>>> print(open('upload_4.cif').read())   # mmCIF, C-alpha atoms
data_data
loop_
_atom_site.label_atom_id
_atom_site.label_comp_id
_atom_site.auth_asym_id
_atom_site.auth_seq_id
_atom_site.Cartn_x
_atom_site.Cartn_y
_atom_site.Cartn_z
CA MET A 1 0.00 0.00 0.00
CA GLU A 2 1.14 3.53 -0.76
CA ILE A 3 -0.28 6.74 0.74
CA THR A 4 0.49 10.07 -0.94
CA TRP A 5 -0.51 13.49 0.41
CA TYR A 6 -1.53 16.30 -1.95
CA GLY A 7 -2.05 18.91 0.75
CA HIS A 8 -4.83 19.87 3.18
CA SER A 9 -6.91 16.69 3.72
CA CYS A 10 -6.37 15.11 0.30
CA PHE A 11 -4.62 11.75 0.01
CA ARG A 12 -4.37 9.08 -2.65
CA ILE A 13 -4.24 5.50 -1.39
CA THR A 14 -3.17 2.76 -3.77
CA GLU A 15 -2.60 -0.98 -3.56
CA ARG A 16 -1.81 -3.36 -6.39
CA ASN A 17 -4.89 -5.04 -7.90
CA MET A 18 -7.22 -3.03 -5.64
CA ALA A 19 -9.29 0.14 -6.03
CA THR A 20 -7.50 3.48 -5.77
CA VAL A 21 -9.05 5.96 -3.32
CA VAL A 22 -8.72 9.75 -3.19
CA THR A 23 -9.93 11.48 -0.02
CA ASP A 24 -11.28 15.03 0.30
CA PRO A 25 -10.18 16.59 -3.01
CA TYR A 26 -9.79 20.36 -2.68
CA ASP A 27 -10.37 23.36 -4.93
CA HIS A 28 -6.88 24.87 -5.23
CA ASN A 29 -8.36 28.32 -5.87
CA GLU A 30 -9.82 28.24 -2.36
CA VAL A 31 -7.17 26.44 -0.29
CA GLY A 32 -3.91 26.79 -2.23
CA TYR A 33 -1.61 23.87 -3.13
CA ALA A 34 -1.26 22.57 -6.67
CA GLU A 35 -4.27 22.04 -8.91
CA LEU A 36 -5.49 18.47 -8.57
CA LYS A 37 -5.34 16.28 -11.67
CA LEU A 38 -5.79 12.85 -10.12
CA LYS A 39 -7.27 9.56 -11.22
CA ALA A 40 -9.03 7.16 -8.87
CA ASP A 41 -11.74 4.54 -8.67
CA ILE A 42 -13.28 5.96 -5.49
CA VAL A 43 -13.53 9.48 -4.04
CA THR A 44 -14.51 10.08 -0.43
CA VAL A 45 -15.85 13.45 0.80
CA SER A 46 -15.96 14.21 4.51
CA HIS A 47 -18.24 17.24 4.14
CA ASP A 48 -19.58 19.75 1.65
CA ALA A 49 -16.91 22.47 1.49
CA PRO A 50 -14.52 23.65 -1.27
CA GLY A 51 -11.51 22.29 0.63
CA HIS A 52 -12.96 18.79 0.71
CA ASN A 53 -15.53 18.19 -2.05
CA HIS A 54 -13.90 19.24 -5.34
CA LEU A 55 -14.88 16.17 -7.33
CA ALA A 56 -13.77 17.78 -10.59
CA GLY A 57 -10.17 17.35 -9.44
CA VAL A 58 -10.43 13.56 -9.74
CA LYS A 59 -11.08 11.73 -12.99
CA GLY A 60 -12.45 8.24 -13.54
CA ALA A 61 -14.07 7.78 -10.14
CA ASP A 62 -17.18 5.65 -10.57
CA TRP A 63 -17.86 5.77 -6.83
CA GLN A 64 -18.32 8.89 -4.71
CA ILE A 65 -18.70 8.21 -0.99
CA THR A 66 -20.35 11.22 0.68
CA GLY A 67 -22.51 9.61 3.36
CA PRO A 68 -22.52 6.91 6.02
CA GLY A 69 -22.73 3.25 5.14
CA GLU A 70 -20.70 0.16 4.34
CA TYR A 71 -19.32 -0.53 0.89
CA GLU A 72 -17.13 -3.11 -0.85
CA ILE A 73 -15.54 -1.74 -4.02
CA GLY A 74 -12.60 -3.17 -5.93
CA GLY A 75 -11.44 -5.29 -3.01
CA VAL A 76 -11.56 -2.36 -0.57
CA PHE A 77 -14.03 -2.35 2.33
CA LEU A 78 -15.19 1.19 3.16
CA THR A 79 -17.19 2.34 6.15
CA GLY A 80 -18.52 5.88 6.55
CA VAL A 81 -19.07 6.93 10.17
CA PRO A 82 -20.91 10.25 10.72
CA THR A 83 -19.80 12.68 13.45
CA GLY A 84 -21.40 15.89 14.66
CA LYS A 85 -24.60 17.38 13.28
CA SER A 86 -24.97 19.62 10.26
CA GLU A 87 -27.51 22.33 9.62
CA LYS A 88 -29.22 20.02 7.13
CA LYS A 89 -32.01 17.83 8.48
CA ASN A 90 -30.66 14.52 9.79
CA GLY A 91 -27.28 15.32 8.28
CA ALA A 92 -23.82 14.83 9.74
CA ALA A 93 -21.27 17.63 9.96
CA ASN A 94 -18.44 15.27 9.10
CA LEU A 95 -17.84 11.80 7.73
CA ILE A 96 -15.03 9.61 9.02
CA CYS A 97 -13.93 7.13 6.36
CA LEU A 98 -12.51 3.73 7.30
CA LEU A 99 -10.68 1.94 4.48
CA ASP A 100 -9.79 -1.72 4.92
CA TYR A 101 -7.08 -2.87 2.49
CA ASN A 102 -6.48 -6.58 3.08
CA GLY A 103 -6.68 -6.11 6.83
CA ILE A 104 -4.73 -2.84 7.01
CA ASN A 105 -7.19 -0.27 8.34
CA VAL A 106 -6.70 3.33 7.26
CA VAL A 107 -8.94 5.91 8.96
CA HIS A 108 -9.43 9.41 7.54
CA LEU A 109 -11.00 11.64 10.19
CA GLY A 110 -12.10 14.30 7.71
CA ASP A 111 -12.79 17.64 9.39
CA MET A 112 -13.50 16.15 12.81
CA ARG A 113 -13.90 18.95 15.35
CA THR A 114 -14.45 17.18 18.65
CA VAL A 115 -13.13 14.08 20.36
CA PRO A 116 -15.14 11.05 19.17
CA THR A 117 -17.68 9.30 21.36
CA ARG A 118 -17.16 5.79 22.69
CA SER A 119 -19.62 4.38 20.15
CA GLN A 120 -17.77 6.11 17.30
CA ILE A 121 -14.45 4.70 18.52
CA GLU A 122 -15.95 1.22 18.71
CA ALA A 123 -17.28 1.61 15.15
CA LEU A 124 -13.75 2.28 13.90
CA GLY A 125 -12.29 -0.81 15.52
CA SER A 126 -8.54 -1.32 15.23
CA VAL A 127 -6.80 1.60 13.51
CA ASP A 128 -3.51 0.92 11.73
CA VAL A 129 -3.02 4.27 9.97
CA LEU A 130 -4.72 7.45 11.20
CA LEU A 131 -5.03 10.51 8.95
CA VAL A 132 -5.78 13.23 11.49
CA PRO A 133 -6.39 17.00 11.31
CA VAL A 134 -4.06 18.85 13.68
CA GLY A 135 -4.12 22.54 12.69
CA GLY A 136 -7.36 23.78 14.19
CA GLY A 137 -9.69 25.93 12.09
CA ASN A 138 -12.76 23.75 11.59
CA GLY A 139 -10.80 20.62 12.51
CA LEU A 140 -9.05 19.27 15.59
CA ASN A 141 -6.32 21.40 17.12
CA ALA A 142 -3.03 19.94 18.31
CA ALA A 143 -4.21 19.10 21.85
CA LYS A 144 -7.44 17.44 20.73
CA ALA A 145 -5.63 15.54 17.98
CA ALA A 146 -3.19 14.16 20.55
CA GLU A 147 -6.13 13.10 22.72
CA VAL A 148 -7.80 11.29 19.83
CA ILE A 149 -4.53 9.52 19.02
CA SER A 150 -4.20 8.31 22.62
CA MET A 151 -7.76 6.95 22.45
CA LEU A 152 -7.40 5.15 19.11
CA GLU A 153 -3.79 3.98 19.57
CA PRO A 154 -3.00 3.72 15.84
CA GLY A 155 0.19 2.19 14.49
CA ILE A 156 1.01 5.16 12.26
CA VAL A 157 -0.21 8.77 12.48
CA ILE A 158 -0.13 11.05 9.43
CA PRO A 159 -1.05 14.68 10.28
CA MET A 160 -3.11 16.76 7.82
CA HIS A 161 -5.10 20.00 7.72
CA TYR A 162 -2.38 22.33 9.01
CA SER A 163 -0.57 25.43 7.79
CA THR A 164 2.11 25.05 5.12
CA PRO A 165 3.77 27.54 2.73
CA ALA A 166 1.37 26.37 -0.01
CA SER A 167 -1.83 26.75 2.03
CA LYS A 168 -4.05 29.83 1.81
CA LEU A 169 -6.05 28.93 4.92
CA LYS A 170 -5.56 30.24 8.42
CA LEU A 171 -4.42 27.14 10.31
CA ASN A 172 -1.83 26.36 12.96
CA SER A 173 1.59 25.03 11.99
CA ILE A 174 2.68 21.43 12.48
CA ASP A 175 5.07 22.53 15.25
CA GLN A 176 2.31 22.75 17.86
CA PHE A 177 1.23 19.20 17.16
CA LEU A 178 4.77 17.83 17.29
CA LYS A 179 5.29 19.57 20.63
CA GLU A 180 2.01 18.13 21.94
CA MET A 181 3.20 14.66 20.93
CA GLY A 182 6.56 15.18 22.64
CA LEU A 183 8.45 15.22 19.34
CA GLY A 184 11.09 17.62 18.09
CA LYS A 185 11.11 19.41 14.77
CA ASN A 186 13.42 16.85 13.19
CA VAL A 187 10.68 14.32 12.45
CA GLU A 188 11.36 12.46 9.21
CA THR A 189 9.39 13.67 6.20
CA LEU A 190 8.63 11.15 3.44
CA ASP A 191 7.49 11.71 -0.13
CA SER A 192 4.94 8.94 0.42
CA LEU A 193 4.31 6.17 2.92
CA LYS A 194 4.63 2.57 1.78
CA ILE A 195 3.27 -0.14 4.06
CA ALA A 196 3.65 -3.89 3.63
CA GLN A 197 1.66 -6.58 5.38
CA GLY A 198 3.18 -7.03 8.83
CA GLY A 199 5.11 -3.80 8.49
CA LEU A 200 3.28 -1.77 11.14
CA PRO A 201 5.18 -0.54 14.22
CA GLU A 202 4.38 -1.86 17.69
CA GLU A 203 4.23 1.67 19.12
CA THR A 204 2.52 4.70 17.58
CA ARG A 205 4.76 6.42 15.03
CA VAL A 206 4.18 9.91 13.59
CA VAL A 207 5.05 10.29 9.91
CA LEU A 208 5.07 13.61 8.07
CA LEU A 209 4.41 13.51 4.34
CA ALA A 210 5.61 16.09 1.83
CA TYR A 211 2.74 17.38 -0.27
CA GLU A 212 2.88 16.68 -3.99
CA HIS A 213 3.49 19.70 -6.22
#
>>> encode(input="upload_4.cif", output="structure tokens")
Amino acid sequence: MEITWYGHSCFRITERNMATVVTDPYDHNEVGYAELKLKADIVTVSHDAPGHNHLAGVKGADWQITGPGEYEIGGVFLTGVPTGKSEKKNGAANLICLLDYNGINVVHLGDMRTVPTRSQIEALGSVDVLLVPVGGGNGLNAAKAAEVISMLEPGIVIPMHYSTPASKLKLNSIDQFLKEMGLGKNVETLDSLKIAQGGLPEETRVVLLAYEH
């Protein structure tokens, strides 16, 4: 499996002979970063906002997951877990997306704003890779993100939704989150994260990804 970050909350997750997923595609005119020109089989959208729902940035996606439910597409098991309440009747403010790739569980928290409830945590089950907002704004801030991580105990944490030189949005920098996690500024940054079966760490590891230009 390979996970690539394109900035903000947008990732592409690929695995040989399985469906490719793009999460929360953004409108670069609104949030910055490079214009998205991606291809995928599945697009997931955590909520209806320009930084997360720009479907035009992804070509070839026959499946668009925008609401709660359970799906099996191209060998990938997807579960949408709603959190918070939106202004729309019976709507959720945010959709957590759980992606099961051959037993490796990747959880994208979307624009989660508050610490999840016990029932929401139970719905997620075991979390191997956690894609977590850390920069505040409409998402978790550094302290709340650290609390969520301690609750879920994932193998790997990939921060998202924070300030970078390419972002136009007013968010906190990654430094606050690293400090909250007891890490220095010299955390390794990877171009992408590659995970093999059995390759998960025993203790939670924070990995920073460089955004694709």
>>> atom_distance(input="upload_4.cif", atom1="CA of Lys59 (chain A)", atom2="CA of Pro82 (chain A)")
25.7 Å
>>> resolve_selection(input="upload_4.cif", expression="the PyMOL selection byres ((chain A and resi 182-184) around 12)", output="count of residues only")
19
>>> atom_distance(input="upload_4.cif", atom1="CA of Ala145 (chain A)", atom2="CA of Val129 (chain A)")
14.1 Å
>>> atom_distance(input="upload_4.cif", atom1="CA of Ile149 (chain A)", atom2="CA of Tyr33 (chain A)")
26.6 Å
>>> residues_around(input="upload_4.cif", residues="Val106 (chain A)", least_positions_apart="3", cutoff="7 Å", atoms="all atoms listed in the file", output="NGL selection string")
:A and (98-100 or 127-130)
>>> write_last_selection(input="upload_4.cif", atoms="C-alpha atoms", output="compact mmCIF listing (two decimals), in the coordinates of the input")
# COMPACT_ATOMS: atom_id res chain seq x y z
CA LEU A 98 -12.51 3.73 7.30
CA LEU A 99 -10.68 1.94 4.48
CA ASP A 100 -9.79 -1.72 4.92
CA VAL A 127 -6.80 1.60 13.51
CA ASP A 128 -3.51 0.92 11.73
CA VAL A 129 -3.02 4.27 9.97
CA LEU A 130 -4.72 7.45 11.20
>>> closest_residue(input="upload_4.cif", among="A:Ile13, A:Val107, A:Leu169, A:Ile158", to="His28 (chain A)", atoms="only C-alpha atoms")
A:Leu169
>>> resolve_selection(input="upload_4.cif", expression="the PyMOL selection byres ((chain A and resi 113-115) around 6)", output="ChimeraX atom specification")
/A:112,116,139-140
>>> resolve_selection(input="upload_4.cif", expression="the PyMOL selection byres ((chain A and resi 110) around 7)", output="PyMOL selection string")
chain A and resi 9+46+94-96+108-109+111-112
>>> closest_residue(input="upload_4.cif", among="A:Gln197, A:Thr117, A:Thr44, A:Asn138", to="Val58 (chain A)", atoms="only C-alpha atoms")
A:Thr44
>>> residues_near_point(input="upload_4.cif", point="(-20.6, 19.5, 3.6)", cutoff="8 Å", atoms="only C-alpha atoms", output="list in words")
Ser46, His47, Asp48, Ala49, Asn53, Ser86, Ala93 and Asn94 of chain A
>>> closest_residue(input="upload_4.cif", among="A:Asn102, A:Thr79, A:Ser163, A:Thr4", to="Ala19 (chain A)", atoms="all atoms listed in the file")
A:Asn102
>>> decode(input="upload_4.cif", residues="region 117-139 of chain A", atoms="N, CA and C atoms", output="PDB file, in the first residue's frame")
ATOM      1  N   THR A 117     -16.995   9.991  20.268  1.00  0.00           N
ATOM      2  CA  THR A 117     -17.677   9.303  21.355  1.00  0.00           C
ATOM      3  C   THR A 117     -17.200   7.853  21.425  1.00  0.00           C
ATOM      4  N   ARG A 118     -17.556   7.193  22.521  1.00  0.00           N
ATOM      5  CA  ARG A 118     -17.161   5.794  22.693  1.00  0.00           C
ATOM      6  C   ARG A 118     -17.740   4.926  21.579  1.00  0.00           C
ATOM      7  N   SER A 119     -18.991   5.186  21.197  1.00  0.00           N
ATOM      8  CA  SER A 119     -19.618   4.384  20.146  1.00  0.00           C
ATOM      9  C   SER A 119     -18.924   4.603  18.802  1.00  0.00           C
ATOM     10  N   GLN A 120     -18.484   5.835  18.540  1.00  0.00           N
ATOM     11  CA  GLN A 120     -17.766   6.109  17.300  1.00  0.00           C
ATOM     12  C   GLN A 120     -16.415   5.404  17.281  1.00  0.00           C
ATOM     13  N   ILE A 121     -15.741   5.392  18.421  1.00  0.00           N
ATOM     14  CA  ILE A 121     -14.454   4.701  18.518  1.00  0.00           C
ATOM     15  C   ILE A 121     -14.635   3.202  18.289  1.00  0.00           C
ATOM     16  N   GLU A 122     -15.677   2.641  18.887  1.00  0.00           N
ATOM     17  CA  GLU A 122     -15.952   1.219  18.706  1.00  0.00           C
ATOM     18  C   GLU A 122     -16.266   0.897  17.251  1.00  0.00           C
ATOM     19  N   ALA A 123     -16.933   1.821  16.555  1.00  0.00           N
ATOM     20  CA  ALA A 123     -17.278   1.607  15.154  1.00  0.00           C
ATOM     21  C   ALA A 123     -16.036   1.562  14.269  1.00  0.00           C
ATOM     22  N   LEU A 124     -14.977   2.258  14.689  1.00  0.00           N
ATOM     23  CA  LEU A 124     -13.749   2.281  13.899  1.00  0.00           C
ATOM     24  C   LEU A 124     -12.917   1.023  14.097  1.00  0.00           C
ATOM     25  N   GLY A 125     -13.044   0.402  15.252  1.00  0.00           N
ATOM     26  CA  GLY A 125     -12.287  -0.814  15.519  1.00  0.00           C
ATOM     27  C   GLY A 125     -10.798  -0.524  15.624  1.00  0.00           C
ATOM     28  N   SER A 126      -9.994  -1.480  15.194  1.00  0.00           N
ATOM     29  CA  SER A 126      -8.542  -1.325  15.234  1.00  0.00           C
ATOM     30  C   SER A 126      -8.086  -0.388  14.123  1.00  0.00           C
ATOM     31  N   VAL A 127      -7.273   0.605  14.480  1.00  0.00           N
ATOM     32  CA  VAL A 127      -6.801   1.599  13.507  1.00  0.00           C
ATOM     33  C   VAL A 127      -5.297   1.403  13.292  1.00  0.00           C
ATOM     34  N   ASP A 128      -4.922   1.098  12.051  1.00  0.00           N
ATOM     35  CA  ASP A 128      -3.510   0.917  11.734  1.00  0.00           C
ATOM     36  C   ASP A 128      -2.853   2.226  11.308  1.00  0.00           C
ATOM     37  N   VAL A 129      -3.538   2.978  10.445  1.00  0.00           N
ATOM     38  CA  VAL A 129      -3.016   4.265   9.967  1.00  0.00           C
ATOM     39  C   VAL A 129      -4.097   5.317  10.180  1.00  0.00           C
ATOM     40  N   LEU A 130      -3.757   6.392  10.888  1.00  0.00           N
ATOM     41  CA  LEU A 130      -4.716   7.448  11.196  1.00  0.00           C
ATOM     42  C   LEU A 130      -4.313   8.727  10.478  1.00  0.00           C
ATOM     43  N   LEU A 131      -5.211   9.227   9.627  1.00  0.00           N
ATOM     44  CA  LEU A 131      -5.035  10.507   8.946  1.00  0.00           C
ATOM     45  C   LEU A 131      -5.826  11.531   9.742  1.00  0.00           C
ATOM     46  N   VAL A 132      -5.128  12.417  10.455  1.00  0.00           N
ATOM     47  CA  VAL A 132      -5.777  13.230  11.488  1.00  0.00           C
ATOM     48  C   VAL A 132      -5.526  14.723  11.286  1.00  0.00           C
ATOM     49  N   PRO A 133      -6.593  15.551  11.350  1.00  0.00           N
ATOM     50  CA  PRO A 133      -6.395  17.003  11.305  1.00  0.00           C
ATOM     51  C   PRO A 133      -5.749  17.485  12.595  1.00  0.00           C
ATOM     52  N   VAL A 134      -4.784  18.411  12.481  1.00  0.00           N
ATOM     53  CA  VAL A 134      -4.058  18.851  13.676  1.00  0.00           C
ATOM     54  C   VAL A 134      -3.950  20.371  13.774  1.00  0.00           C
ATOM     55  N   GLY A 135      -4.400  21.111  12.748  1.00  0.00           N
ATOM     56  CA  GLY A 135      -4.120  22.544  12.691  1.00  0.00           C
ATOM     57  C   GLY A 135      -5.227  23.474  13.121  1.00  0.00           C
ATOM     58  N   GLY A 136      -6.287  22.914  13.739  1.00  0.00           N
ATOM     59  CA  GLY A 136      -7.365  23.779  14.190  1.00  0.00           C
ATOM     60  C   GLY A 136      -8.262  24.223  13.049  1.00  0.00           C
ATOM     61  N   GLY A 137      -8.692  25.487  13.068  1.00  0.00           N
ATOM     62  CA  GLY A 137      -9.691  25.931  12.088  1.00  0.00           C
ATOM     63  C   GLY A 137     -10.990  25.207  12.375  1.00  0.00           C
ATOM     64  N   ASN A 138     -11.555  24.538  11.377  1.00  0.00           N
ATOM     65  CA  ASN A 138     -12.760  23.747  11.593  1.00  0.00           C
ATOM     66  C   ASN A 138     -12.459  22.316  12.007  1.00  0.00           C
ATOM     67  N   GLY A 139     -11.185  21.976  12.122  1.00  0.00           N
ATOM     68  CA  GLY A 139     -10.799  20.622  12.515  1.00  0.00           C
ATOM     69  C   GLY A 139     -10.159  20.597  13.888  1.00  0.00           C
TER      70      GLY A 139
END
